[in-house]
>>> print(open('work.txt').read())   # compact mmCIF, C-alpha atoms and all ligand atoms
# COMPACT_ATOMS: atom_id res chain seq x y z
CA MET A 594 40.62 -121.32 -73.57
CA LYS A 595 42.19 -117.91 -72.94
CA VAL A 596 43.63 -115.70 -75.67
CA PRO A 597 46.29 -114.71 -76.50
CA VAL A 598 47.69 -118.23 -76.58
CA TYR A 599 51.33 -118.30 -75.51
CA VAL A 600 53.48 -120.43 -77.81
CA ASP A 601 56.81 -118.64 -77.41
CA ASN A 602 58.40 -120.85 -74.76
CA HIS A 603 61.91 -120.47 -76.21
CA ALA A 604 61.84 -116.76 -75.36
CA THR A 605 60.70 -117.36 -71.81
CA THR A 606 58.35 -119.65 -69.93
CA PRO A 607 55.61 -118.83 -67.46
CA VAL A 608 56.54 -119.51 -63.84
CA ASP A 609 55.10 -122.84 -62.72
CA PRO A 610 52.61 -122.18 -59.87
CA ARG A 611 54.48 -124.75 -57.75
CA VAL A 612 57.67 -122.73 -58.26
CA LEU A 613 55.95 -119.48 -57.30
CA GLU A 614 54.54 -121.03 -54.15
CA THR A 615 58.02 -122.21 -53.11
CA MET A 616 59.45 -118.72 -53.67
CA LEU A 617 56.85 -116.62 -51.86
CA PRO A 618 58.09 -117.06 -48.23
CA TYR A 619 61.51 -115.74 -49.33
CA PHE A 620 59.96 -112.37 -50.16
CA GLY A 621 58.32 -112.35 -46.71
CA GLU A 622 59.38 -113.74 -43.37
CA LYS A 623 62.41 -115.61 -44.82
CA PHE A 624 64.17 -112.51 -46.10
CA GLY A 625 67.65 -113.20 -44.71
CA ASN A 626 70.94 -112.66 -46.49
CA ALA A 627 72.47 -116.08 -47.14
CA ALA A 628 75.88 -114.72 -46.10
CA SER A 629 74.72 -113.52 -42.65
CA ARG A 630 75.86 -115.51 -39.61
CA HIS A 631 72.61 -115.63 -37.63
CA ALA A 632 69.26 -117.43 -37.76
CA PHE A 633 67.92 -115.40 -40.70
CA GLY A 634 71.08 -115.95 -42.70
CA TRP A 635 71.26 -119.66 -41.89
CA GLU A 636 67.66 -120.13 -43.00
CA ALA A 637 68.43 -118.46 -46.35
CA GLU A 638 71.69 -120.36 -46.70
CA ALA A 639 69.95 -123.69 -46.09
CA ALA A 640 67.42 -122.86 -48.81
CA VAL A 641 70.20 -121.95 -51.25
CA ASP A 642 72.04 -125.19 -50.41
CA GLU A 643 68.95 -127.25 -51.17
CA ALA A 644 68.42 -125.42 -54.47
CA ARG A 645 72.06 -125.94 -55.39
CA GLU A 646 71.56 -129.67 -54.89
CA GLN A 647 68.41 -129.67 -57.01
CA VAL A 648 70.20 -127.89 -59.86
CA ALA A 649 73.23 -130.18 -59.59
CA ARG A 650 71.04 -133.30 -59.61
CA LEU A 651 69.20 -132.29 -62.80
CA ILE A 652 72.42 -132.08 -64.81
CA HIS A 653 74.17 -134.94 -62.95
CA ALA A 654 76.95 -132.75 -61.53
CA SER A 655 79.06 -134.75 -59.09
CA SER A 656 78.90 -132.02 -56.40
CA PRO A 657 76.57 -129.07 -55.68
CA LYS A 658 79.76 -127.00 -55.22
CA GLU A 659 80.13 -127.11 -58.99
CA ILE A 660 77.05 -124.87 -59.37
CA ILE A 661 77.72 -121.11 -59.44
CA PHE A 662 74.54 -119.03 -59.31
CA THR A 663 74.42 -116.11 -61.74
CA SER A 664 71.82 -113.68 -63.09
CA GLY A 665 71.06 -115.92 -66.08
CA ALA A 666 72.55 -117.65 -69.07
CA THR A 667 73.99 -114.48 -70.61
CA GLU A 668 76.12 -113.93 -67.54
CA SER A 669 77.00 -117.63 -67.35
CA ASP A 670 78.18 -117.56 -70.98
CA ASN A 671 80.27 -114.45 -70.26
CA LEU A 672 81.81 -115.97 -67.13
CA ALA A 673 82.59 -119.24 -68.90
CA ILE A 674 84.10 -117.82 -72.10
CA LYS A 675 85.84 -114.71 -70.80
CA GLY A 676 86.77 -116.51 -67.59
CA VAL A 677 88.55 -119.30 -69.46
CA ALA A 678 90.15 -116.92 -71.98
CA ASP A 679 91.70 -114.99 -69.10
CA ALA A 680 92.68 -117.91 -66.85
CA TYR A 681 94.28 -119.94 -69.66
CA ARG A 682 95.98 -117.05 -71.45
CA GLU A 683 99.43 -118.61 -71.10
CA LYS A 684 98.18 -121.92 -72.57
CA GLY A 685 96.69 -120.50 -75.74
CA ASN A 686 94.44 -117.99 -77.47
CA HIS A 687 92.14 -120.01 -79.73
CA ILE A 688 88.42 -120.70 -79.18
CA ILE A 689 86.14 -122.90 -81.27
CA THR A 690 82.44 -122.05 -81.47
CA CYS A 691 79.67 -122.18 -84.06
CA VAL A 692 77.79 -119.76 -86.31
CA THR A 693 74.37 -120.69 -84.87
CA GLU A 694 75.20 -119.93 -81.23
CA HIS A 695 73.15 -117.50 -79.17
CA LYS A 696 74.29 -113.86 -79.28
CA ALA A 697 75.46 -114.17 -75.68
CA VAL A 698 78.18 -116.56 -76.89
CA LEU A 699 78.85 -114.91 -80.26
CA ASP A 700 79.20 -111.43 -78.77
CA CYS A 701 81.60 -112.70 -76.06
CA CYS A 702 83.70 -114.22 -78.82
CA LYS A 703 83.57 -110.98 -80.82
CA THR A 704 84.83 -109.02 -77.82
CA LEU A 705 87.67 -111.48 -77.30
CA GLU A 706 88.50 -111.32 -80.99
CA GLN A 707 88.92 -107.56 -80.67
CA GLN A 708 91.32 -108.27 -77.79
CA GLY A 709 93.45 -110.42 -80.06
CA LEU A 710 92.09 -113.93 -79.52
CA SER A 711 91.51 -116.13 -82.51
CA ILE A 712 88.00 -117.57 -82.93
CA THR A 713 86.87 -120.35 -85.26
CA TYR A 714 83.15 -120.19 -86.10
CA LEU A 715 82.21 -123.65 -87.35
CA PRO A 716 79.56 -123.80 -90.08
CA VAL A 717 76.53 -126.12 -89.81
CA ASP A 718 74.65 -128.25 -92.32
CA ALA A 719 71.14 -127.60 -93.68
CA HIS A 720 69.61 -128.98 -90.48
CA GLY A 721 71.78 -126.87 -88.20
CA LEU A 722 73.98 -129.83 -87.26
CA LEU A 723 77.73 -129.94 -86.99
CA SER A 724 79.89 -133.04 -86.82
CA PRO A 725 82.40 -134.06 -84.15
CA ASP A 726 84.99 -134.36 -86.97
CA GLN A 727 84.58 -130.67 -87.77
CA VAL A 728 85.38 -129.91 -84.15
CA ARG A 729 88.39 -132.26 -84.12
CA ASP A 730 89.77 -130.72 -87.33
CA ALA A 731 89.50 -127.19 -85.95
CA ILE A 732 91.58 -127.90 -82.85
CA THR A 733 95.10 -126.42 -82.83
CA GLU A 734 98.01 -126.31 -80.37
CA ARG A 735 96.64 -122.99 -79.16
CA THR A 736 93.01 -124.06 -78.56
CA ILE A 737 91.83 -123.44 -74.99
CA LEU A 738 88.05 -123.72 -75.29
CA ILE A 739 85.28 -125.35 -77.31
CA SER A 740 81.95 -123.56 -76.82
CA LEU A 741 79.00 -125.25 -78.52
CA MET A 742 75.34 -125.12 -77.56
CA ALA A 743 73.34 -128.23 -76.70
CA ALA A 744 70.08 -127.12 -78.32
CA ASN A 745 69.44 -124.20 -80.62
CA ASN A 746 66.99 -121.55 -79.43
CA GLU A 747 65.54 -120.82 -82.87
CA ILE A 748 65.35 -124.07 -84.79
CA GLY A 749 65.63 -126.46 -81.84
CA THR A 750 68.42 -128.55 -83.39
CA LEU A 751 70.15 -130.84 -80.86
CA HIS A 752 73.92 -130.98 -81.34
CA PRO A 753 75.76 -134.32 -80.92
CA VAL A 754 77.04 -133.20 -77.52
CA ILE A 755 78.21 -136.62 -76.30
CA GLU A 756 80.47 -137.07 -79.34
CA ILE A 757 81.74 -133.48 -79.16
CA GLY A 758 82.53 -134.01 -75.48
CA ARG A 759 84.50 -137.11 -76.39
CA VAL A 760 86.60 -135.14 -78.89
CA ALA A 761 87.24 -132.42 -76.30
CA LYS A 762 88.33 -135.01 -73.69
CA GLU A 763 90.53 -136.86 -76.17
CA LYS A 764 92.34 -133.59 -76.97
CA GLY A 765 92.29 -132.23 -73.41
CA ILE A 766 90.34 -129.08 -74.29
CA ILE A 767 87.78 -127.45 -71.98
CA PHE A 768 84.23 -127.89 -73.30
CA HIS A 769 81.60 -125.25 -72.53
CA SER A 770 78.02 -125.80 -73.58
CA ASP A 771 75.26 -123.20 -73.54
CA ALA A 772 72.54 -125.69 -72.60
CA THR A 773 69.94 -123.04 -71.78
CA GLN A 774 67.32 -124.53 -74.11
CA ALA A 775 68.18 -128.15 -73.40
CA VAL A 776 68.19 -128.20 -69.59
CA GLY A 777 64.79 -129.25 -68.30
CA ARG A 778 63.56 -130.20 -71.77
CA VAL A 779 65.85 -133.08 -72.75
CA PRO A 780 68.20 -135.16 -70.58
CA VAL A 781 71.47 -133.37 -69.81
CA ASP A 782 74.29 -135.25 -68.07
CA VAL A 783 77.58 -133.38 -67.72
CA GLU A 784 79.45 -136.63 -67.03
CA GLU A 785 78.09 -138.56 -70.01
CA MET A 786 78.47 -135.48 -72.23
CA GLY A 787 81.98 -134.61 -71.07
CA ILE A 788 80.89 -131.03 -70.37
CA ASP A 789 83.25 -128.92 -68.24
CA LEU A 790 81.22 -125.70 -68.18
CA LEU A 791 77.47 -125.48 -68.69
CA SER A 792 75.23 -122.40 -68.89
CA MET A 793 71.59 -122.51 -67.87
CA THR A 794 68.80 -120.15 -66.84
CA ALA A 795 65.64 -120.55 -64.75
CA HIS A 796 63.24 -118.57 -66.92
CA LYS A 797 63.43 -121.02 -69.85
CA MET A 798 62.32 -123.87 -67.59
CA TYR A 799 59.31 -122.47 -65.71
CA GLY A 800 61.39 -120.66 -63.09
CA PRO A 801 61.81 -116.91 -62.48
CA LYS A 802 63.78 -114.43 -64.60
CA GLY A 803 67.11 -113.03 -63.46
CA VAL A 804 68.62 -116.22 -62.07
CA GLY A 805 70.74 -118.86 -63.73
CA ALA A 806 73.82 -120.94 -63.13
CA LEU A 807 77.15 -121.94 -64.51
CA TYR A 808 78.27 -125.50 -63.86
CA VAL A 809 82.07 -125.54 -63.36
CA ARG A 810 83.76 -128.95 -63.28
CA SER A 811 85.86 -129.37 -60.14
CA LYS A 812 87.84 -132.47 -61.06
CA ARG A 813 89.12 -134.33 -64.13
CA PRO A 814 89.87 -131.55 -64.99
CA LYS A 815 89.41 -128.79 -62.42
CA VAL A 816 88.41 -125.81 -64.54
CA ARG A 817 89.96 -122.46 -63.58
CA LEU A 818 88.06 -119.25 -64.25
CA ARG A 819 88.86 -115.62 -63.77
CA PRO A 820 85.72 -114.04 -62.30
CA ILE A 821 84.14 -111.13 -64.16
CA ILE A 822 82.48 -109.65 -61.06
CA ASP A 823 84.69 -108.91 -58.05
CA GLY A 824 83.32 -108.24 -54.61
CA GLY A 825 82.47 -110.06 -51.42
CA GLY A 826 83.77 -113.48 -52.37
CA HIS A 827 80.35 -115.13 -52.76
CA GLU A 828 80.10 -118.36 -54.76
CA TRP A 829 83.69 -119.36 -53.93
CA GLY A 830 84.91 -116.06 -55.29
CA MET A 831 83.61 -116.87 -58.77
CA ARG A 832 80.63 -114.51 -58.67
CA ALA A 833 80.42 -111.83 -56.03
CA GLY A 834 77.12 -110.27 -54.99
CA THR A 835 74.37 -111.02 -52.46
CA LEU A 836 72.56 -114.14 -53.55
CA ASN A 837 69.10 -113.81 -55.11
CA VAL A 838 67.66 -116.23 -52.54
CA SER A 839 64.03 -116.25 -53.70
CA GLY A 840 65.09 -116.64 -57.33
CA ILE A 841 67.53 -119.41 -56.48
CA VAL A 842 64.87 -121.26 -54.46
CA GLY A 843 62.52 -121.03 -57.44
CA PHE A 844 65.23 -122.20 -59.82
CA GLY A 845 65.87 -125.23 -57.59
CA LYS A 846 62.19 -126.11 -57.48
CA ALA A 847 61.96 -125.75 -61.27
CA CYS A 848 64.86 -128.20 -61.62
CA GLN A 849 63.25 -130.67 -59.25
CA ILE A 850 59.98 -130.57 -61.21
CA ALA A 851 61.82 -130.92 -64.54
CA ALA A 852 63.77 -133.94 -63.30
CA ALA A 853 60.54 -135.65 -62.27
CA GLU A 854 58.36 -134.72 -65.26
CA MET A 855 60.66 -134.17 -68.23
CA GLN A 856 60.14 -137.55 -69.84
CA GLU A 857 56.34 -137.40 -69.86
CA GLU A 858 56.33 -133.75 -70.80
CA ALA A 859 58.66 -134.28 -73.77
CA LYS A 860 56.43 -137.06 -75.10
CA ARG A 861 53.34 -134.89 -74.81
CA LEU A 862 55.04 -131.89 -76.45
CA ILE A 863 56.33 -133.95 -79.37
CA GLY A 864 52.75 -135.15 -79.89
CA LEU A 865 51.38 -131.59 -79.87
CA ARG A 866 54.16 -130.31 -82.12
CA GLU A 867 53.60 -133.02 -84.72
CA ARG A 868 49.87 -132.35 -84.60
CA LEU A 869 50.49 -128.64 -85.23
CA LYS A 870 52.91 -129.40 -88.05
CA GLU A 871 50.59 -131.90 -89.72
CA ASP A 872 47.58 -129.59 -89.52
CA ILE A 873 49.54 -126.76 -91.10
CA PHE A 874 51.12 -128.89 -93.82
CA ARG A 875 47.76 -130.50 -94.64
CA HIS A 876 46.12 -127.15 -95.29
CA LEU A 877 48.87 -125.04 -96.82
CA ASP A 878 51.36 -125.49 -99.63
CA GLU A 879 54.80 -123.84 -99.79
CA VAL A 880 55.54 -124.31 -96.09
CA TYR A 881 59.09 -125.29 -95.16
CA LEU A 882 60.41 -126.85 -91.98
CA ASN A 883 63.54 -125.16 -90.62
CA GLY A 884 65.85 -127.38 -88.59
CA HIS A 885 66.05 -131.12 -88.20
CA PRO A 886 62.90 -133.28 -88.57
CA THR A 887 63.62 -135.35 -85.45
CA LEU A 888 66.83 -134.19 -83.72
CA ARG A 889 65.11 -131.16 -82.24
CA LEU A 890 63.68 -129.86 -78.98
CA PRO A 891 60.30 -131.47 -78.21
CA GLY A 892 58.31 -128.20 -78.27
CA ASN A 893 60.10 -126.50 -81.18
CA LEU A 894 58.58 -125.96 -84.60
CA ASN A 895 60.14 -123.41 -86.95
CA LEU A 896 58.36 -122.92 -90.27
CA SER A 897 58.78 -120.66 -93.28
CA PHE A 898 55.57 -119.64 -95.04
CA ALA A 899 56.58 -118.61 -98.56
CA PHE A 900 54.98 -115.39 -99.88
CA VAL A 901 54.15 -114.16 -96.37
CA GLU A 902 56.26 -111.74 -94.33
CA GLY A 903 56.77 -113.14 -90.84
CA GLU A 904 56.18 -109.70 -89.34
CA SER A 905 52.86 -109.28 -91.19
CA LEU A 906 51.85 -112.73 -90.03
CA LEU A 907 52.61 -111.78 -86.42
CA MET A 908 50.56 -108.60 -86.79
CA GLY A 909 47.63 -110.59 -88.09
CA LEU A 910 47.90 -113.16 -85.33
CA LYS A 911 47.39 -110.96 -82.28
CA GLU A 912 45.67 -113.80 -80.42
CA ILE A 913 48.81 -115.96 -80.69
CA ALA A 914 52.17 -115.14 -79.10
CA VAL A 915 54.95 -116.49 -81.34
CA SER A 916 58.27 -115.16 -82.62
CA SER A 917 59.23 -114.35 -86.17
CA GLY A 918 62.65 -115.69 -87.10
CA SER A 919 64.46 -114.92 -83.90
CA ALA A 920 63.21 -112.99 -80.90
CA CYS A 921 66.57 -111.33 -80.51
CA THR A 922 67.02 -110.06 -84.03
CA SER A 923 63.39 -109.34 -84.95
CA ALA A 924 63.72 -105.81 -83.51
CA ALA A 925 66.43 -105.14 -86.08
CA LEU A 926 64.36 -106.85 -88.81
CA GLU A 927 67.47 -108.60 -90.00
CA PRO A 928 67.01 -112.16 -91.16
CA SER A 929 67.98 -114.54 -88.38
CA HIS A 930 71.66 -115.49 -88.39
CA VAL A 931 70.66 -119.07 -87.63
CA LEU A 932 68.32 -119.39 -90.61
CA ARG A 933 70.95 -117.86 -92.89
CA ALA A 934 73.54 -120.27 -91.52
CA ILE A 935 71.43 -123.30 -92.49
CA GLY A 936 71.08 -121.92 -96.00
CA VAL A 937 67.55 -120.51 -95.87
CA THR A 938 67.31 -117.76 -98.49
CA GLU A 939 66.87 -114.20 -97.25
CA ASN A 940 63.31 -114.17 -98.63
CA LEU A 941 62.26 -117.35 -96.88
CA ALA A 942 64.08 -116.35 -93.68
CA HIS A 943 61.79 -113.30 -93.48
CA THR A 944 58.75 -115.60 -93.59
CA ALA A 945 59.80 -117.77 -90.66
CA ILE A 946 57.77 -118.27 -87.50
CA ARG A 947 59.10 -119.99 -84.39
CA PHE A 948 56.56 -121.89 -82.34
CA GLY A 949 57.73 -122.85 -78.87
CA LEU A 950 55.26 -125.21 -77.22
CA GLY A 951 55.46 -125.61 -73.48
CA ARG A 952 54.19 -127.21 -70.29
CA PHE A 953 50.93 -125.28 -70.12
CA ASN A 954 49.80 -125.57 -73.74
CA THR A 955 46.71 -127.69 -74.32
CA ALA A 956 45.62 -129.61 -77.41
CA GLU A 957 42.73 -127.17 -77.76
CA GLU A 958 45.17 -124.25 -77.88
CA ILE A 959 47.38 -125.94 -80.45
CA ASP A 960 44.38 -126.66 -82.70
CA PHE A 961 43.40 -123.01 -82.40
CA VAL A 962 46.94 -121.94 -83.32
CA ALA A 963 46.92 -124.22 -86.38
CA ARG A 964 43.56 -122.89 -87.55
CA ARG A 965 44.48 -119.23 -87.08
CA VAL A 966 47.86 -119.63 -88.78
CA VAL A 967 46.26 -121.32 -91.79
CA GLU A 968 43.53 -118.65 -92.03
CA GLU A 969 46.00 -115.80 -91.76
CA VAL A 970 48.53 -117.24 -94.20
CA ARG A 971 45.71 -117.78 -96.72
CA ARG A 972 44.45 -114.22 -96.23
CA LEU A 973 47.90 -112.70 -96.68
CA ARG A 974 48.67 -114.86 -99.68
CA SER A 975 45.40 -113.84 -101.32
CA LEU A 976 46.81 -110.28 -101.19
CA SER A 977 50.14 -111.31 -102.67
CA PRO A 978 50.25 -110.78 -106.45
CA PHE A 979 53.12 -113.28 -106.68
CA TYR A 980 51.22 -115.99 -104.87
CA VAL A 981 47.95 -115.37 -106.74
CA ALA A 982 49.70 -115.46 -110.14
CA ARG A 983 51.47 -118.65 -109.16
CA ALA A 984 48.31 -120.30 -107.84
CA LYS A 985 46.44 -119.42 -111.06
CA SER A 986 49.14 -120.85 -113.26
CA GLN A 987 48.99 -124.08 -111.25
CA LYS A 988 45.16 -124.16 -111.13
CA ARG A 989 45.41 -125.08 -107.51
CA PRO A 990 42.05 -125.46 -105.73
CA GLU A 991 41.76 -122.85 -102.98
CA GLY A 992 40.35 -125.29 -100.41
CA GLU A 993 38.58 -124.28 -97.24
CA TRP A 994 39.91 -124.78 -93.74
CA LYS A 995 38.27 -127.92 -92.41
CA VAL A 996 38.04 -128.60 -88.72
CA PRO A 997 40.15 -131.68 -88.08
CA GLU A 998 37.90 -134.69 -87.52
CA ARG A 999 39.09 -135.35 -84.00
CA LEU A 1000 37.67 -131.96 -82.99
CA SER A 1001 34.24 -132.30 -84.58
C1 LIG B 1 67.67 -117.37 -73.55
C2 LIG B 1 69.02 -117.82 -73.91
C3 LIG B 1 70.16 -117.21 -73.39
C4 LIG B 1 70.07 -115.99 -72.50
O1 LIG B 1 69.57 -116.33 -71.24
P1 LIG B 1 69.23 -115.19 -70.17
O2 LIG B 1 69.00 -115.93 -68.90
O3 LIG B 1 67.97 -114.56 -70.67
O4 LIG B 1 70.37 -114.27 -70.09
C5 LIG B 1 71.39 -117.70 -73.73
N1 LIG B 1 71.50 -118.77 -74.55
C6 LIG B 1 70.44 -119.39 -75.07
C7 LIG B 1 70.63 -120.57 -75.96
C8 LIG B 1 69.16 -118.95 -74.77
O5 LIG B 1 68.11 -119.55 -75.31
>>> encode(input="work.txt", output="structure tokens")
Amino acid sequence: MKVPVYVDNHATTPVDPRVLETMLPYFGEKFGNAASRHAFGWEAEAAVDEAREQVARLIHASSPKEIIFTSGATESDNLAIKGVADAYREKGNHIITCVTEHKAVLDCCKTLEQQGLSITYLPVDAHGLLSPDQVRDAITERTILISLMAANNEIGTLHPVIEIGRVAKEKGIIFHSDATQAVGRVPVDVEEMGIDLLSMTAHKMYGPKGVGALYVRSKRPKVRLRPIIDGGGHEWGMRAGTLNVSGIVGFGKACQIAAAEMQEEAKRLIGLRERLKEDIFRHLDEVYLNGHPTLRLPGNLNLSFAFVEGESLLMGLKEIAVSSGSACTSAALEPSHVLRAIGVTENLAHTAIRFGLGRFNTAEEIDFVARRVVEEVRRLRSLSPFYVARAKSQKRPEGEWKVPERLS
């Protein structure tokens, strides 16, 4: 086993060696510009076409032409939300989203709000769930877009996308879903889910960084978008700029692998996640699960360790790569907006750790992670006057870490 052990697969994933192998020729002899009208260009174009089909197939898009390649999910979110706001300006000015969305969505909405649009930020329950009725009740005459994520990047909660899609269809409102964390990890079907716009990115599913896609429905209804990047008319005029051929090829391969292996992989990851959770809960008190017990991403475990600062825990766990609270807000040391939204107190939010288990994690690694987390939480708590006083008053036995039987 190699340290540090990487268990931060919601921040990014390692590139699958099969993906890398598929990409390599496109940095070498197959360097053509996919827009060029000669042998080199045609070769690149054919590779992009194949990748487009692989991406479309994974999310059950009815045509590969509905896939617009972008630089990643942030750009896809921007294109979807700002693109709809602009193209449907005469129809209305109201957007429905949710407080637990990724910053890429929330910040787009904030910008539009400053430009005079009206945004409804739906609240969520203690598990991070919202109900289709909440969405229905928020719709007005002026609503042009519903933007709700499929799976949360911090607590892994899976939204009831099929039911939300039904509400959107029933009311004739465009439904965008940031499915960055869901695609490749759980089944995503834009037809079954009634999704009109879907954001995704390669680097959260064992592909390269800097490439993603926006699915744009072409019929029933045909979604109109105003592009945010103007230029050479690439991607049907929706996203100008020379295509990142090697990245796109890798993204396609990552989608093909995910389609073939997702089911088995999800089962294995749920097993590892439950094993990690049980080991930690068996050996520590005052640990709290953030998010839903079952309606969550297979590899996601988000725990609050009372009496222990998440940042201190990270510092003490150099041989494990995990995130405290949220990767995006930990630089600011603000409690995660997602944890606050599900009602976690500010104190407990600061003690949260997000584990993101992925394709390349082994059982041996996960047992190591459990042991090190328990050791480090115990060490830090032994230094906490609050915890020590509390433990004394409860006469709780200190208990040693015991190697789980299956390992001995
Ligand atoms: C990672 C992530 C993004 C941003 O994706 P990039 O490709 O890094 O821009 C957006 N939304 C969600 C839910 C994410 O997890």
>>> residues_around(input="work.txt", residues="Glu622 of chain A", least_positions_apart="2", cutoff="12 Å", atoms="all atoms listed in the file", output="number ranges by chain")
A: 616-620, 624-625, 632-634, 636-637, 839
>>> closest_residue(input="work.txt", among="A:Lys623, A:Lys703, A:His796, A:Lys860", to="ligand LIG 1 (chain B)", atoms="only C-alpha atoms and all ligand atoms")
A:His796
>>> closest_residue(input="work.txt", among="A:Tyr980, A:Phe898, A:Tyr714, A:Phe662", to="ligand LIG 1 (chain B)", atoms="all atoms listed in the file")
A:Phe662
>>> axis_aligned_box(input="work.txt", around="ligand LIG 1 (chain B)", padding_each_side="8 Å", output="lines of an AutoDock Vina configuration file")
center_x = 69.6
center_y = -117.4
center_z = -72.4
size_x = 19.8
size_y = 22.3
size_z = 23.1
>>> closest_atom_pairs(input="work.txt", of="segment 599-641 of chain A", to="segment 730-746 of chain A", cutoff="12 Å", atoms="only C-alpha atoms", output="JSON lines")
{"residue": "A:Asp601", "atom": "CA", "partner": "A:Asn746", "partner_atom": "CA", "distance": 10.8}
{"residue": "A:Asn602", "atom": "CA", "partner": "A:Asn746", "partner_atom": "CA", "distance": 9.8}
{"residue": "A:His603", "atom": "CA", "partner": "A:Asn746", "partner_atom": "CA", "distance": 6.1}
{"residue": "A:Ala604", "atom": "CA", "partner": "A:Asn746", "partner_atom": "CA", "distance": 8.1}
{"residue": "A:Thr605", "atom": "CA", "partner": "A:Asn746", "partner_atom": "CA", "distance": 10.7}
>>> closest_atom_pairs(input="work.txt", of="chain A", to="ligand LIG 1 (chain B)", cutoff="10 Å", atoms="only C-alpha atoms and all ligand atoms", output="Markdown table")
| residue | atom | partner | partner_atom | distance |
| --- | --- | --- | --- | --- |
| A:Asn602 | CA | B:LIG1 | O5 | 9.8 |
| A:His603 | CA | B:LIG1 | O5 | 6.3 |
| A:Ala604 | CA | B:LIG1 | C1 | 6.1 |
| A:Thr605 | CA | B:LIG1 | C1 | 7.2 |
| A:Thr663 | CA | B:LIG1 | O2 | 9.0 |
| A:Ser664 | CA | B:LIG1 | O2 | 6.8 |
| A:Gly665 | CA | B:LIG1 | O2 | 3.5 |
| A:Ala666 | CA | B:LIG1 | O1 | 3.9 |
| A:Thr667 | CA | B:LIG1 | O4 | 3.7 |
| A:Glu668 | CA | B:LIG1 | O4 | 6.3 |
| A:Ser669 | CA | B:LIG1 | O4 | 7.9 |
| A:Asp670 | CA | B:LIG1 | C5 | 7.3 |
| A:Asn671 | CA | B:LIG1 | O4 | 9.9 |
| A:Thr693 | CA | B:LIG1 | C7 | 9.7 |
| A:Glu694 | CA | B:LIG1 | C7 | 7.0 |
| A:His695 | CA | B:LIG1 | N1 | 5.1 |
| A:Lys696 | CA | B:LIG1 | C5 | 7.3 |
| A:Ala697 | CA | B:LIG1 | C5 | 5.7 |
| A:Val698 | CA | B:LIG1 | N1 | 7.4 |
| A:Leu741 | CA | B:LIG1 | C7 | 9.9 |
| A:Met742 | CA | B:LIG1 | C7 | 6.7 |
| A:Ala743 | CA | B:LIG1 | C7 | 8.2 |
| A:Ala744 | CA | B:LIG1 | C7 | 7.0 |
| A:Asn745 | CA | B:LIG1 | C7 | 6.0 |
| A:Asn746 | CA | B:LIG1 | O5 | 4.7 |
| A:Glu747 | CA | B:LIG1 | O5 | 8.1 |
| A:Gly749 | CA | B:LIG1 | C7 | 9.7 |
| A:Ser770 | CA | B:LIG1 | C7 | 9.4 |
| A:Asp771 | CA | B:LIG1 | C7 | 5.8 |
| A:Ala772 | CA | B:LIG1 | C7 | 6.4 |
| A:Thr773 | CA | B:LIG1 | C7 | 4.9 |
| A:Gln774 | CA | B:LIG1 | O5 | 5.2 |
| A:Ala775 | CA | B:LIG1 | C7 | 8.4 |
| A:Ser792 | CA | B:LIG1 | N1 | 7.7 |
| A:Met793 | CA | B:LIG1 | O2 | 7.1 |
| A:Thr794 | CA | B:LIG1 | O2 | 4.7 |
| A:Ala795 | CA | B:LIG1 | O2 | 7.1 |
| A:His796 | CA | B:LIG1 | O2 | 6.6 |
| A:Lys797 | CA | B:LIG1 | C1 | 6.7 |
| A:Pro801 | CA | B:LIG1 | O2 | 9.7 |
| A:Lys802 | CA | B:LIG1 | O2 | 6.9 |
| A:Gly803 | CA | B:LIG1 | O2 | 6.4 |
| A:Val804 | CA | B:LIG1 | O2 | 6.8 |
| A:Gly805 | CA | B:LIG1 | O2 | 6.2 |
| A:Ala806 | CA | B:LIG1 | O2 | 9.0 |
| A:Ala920 | CA | B:LIG1 | C1 | 9.6 |
| A:Cys921 | CA | B:LIG1 | C1 | 9.3 |
>>> residues_around(input="work.txt", residues="Leu722 of chain A", least_positions_apart="2", cutoff="12 Å", atoms="only C-alpha atoms", output="MDAnalysis selection string")
chainID A and resid 691:694 715:720 724:728 741:745 748:754 757 883:889 931 934:935
>>> atom_distance(input="work.txt", atom1="atom CA of Ser629 of chain A", atom2="atom CA of Ile660 of chain A")
20.3 Å
>>> residues_near_point(input="work.txt", point="(49.5, -120.1, -82.9)", cutoff="10 Å", atoms="only C-alpha atoms", output="count of residues only")
28
>>> closest_residue(input="work.txt", among="A:Glu854, A:Ala847, A:Asn893, A:Ala984", to="Glu614 of chain A", atoms="all atoms listed in the file")
A:Ala847
>>> atom_distance(input="work.txt", atom1="atom CA of Trp829 of chain A", atom2="atom CA of Ser656 of chain A")
13.8 Å
>>> residues_around(input="work.txt", residues="Arg819 of chain A", least_positions_apart="3", cutoff="7 Å", atoms="all atoms listed in the file", output="ChimeraX atom specification")
/A:676-677,679-680
>>> closest_residue(input="work.txt", among="A:Ala627, A:Leu896, A:Leu877, A:Val776", to="Gln849 of chain A", atoms="all atoms listed in the file")
A:Val776
>>> atom_distance(input="work.txt", atom1="atom CA of Thr690 of chain A", atom2="atom CA of Ile863 of chain A")
28.8 Å
>>> residues_around(input="work.txt", residues="Ala628 of chain A", least_positions_apart="5", cutoff="9 Å", atoms="only C-alpha atoms", output="PyMOL selection string")
chain A and resi 634-635+637-638+827+835-836
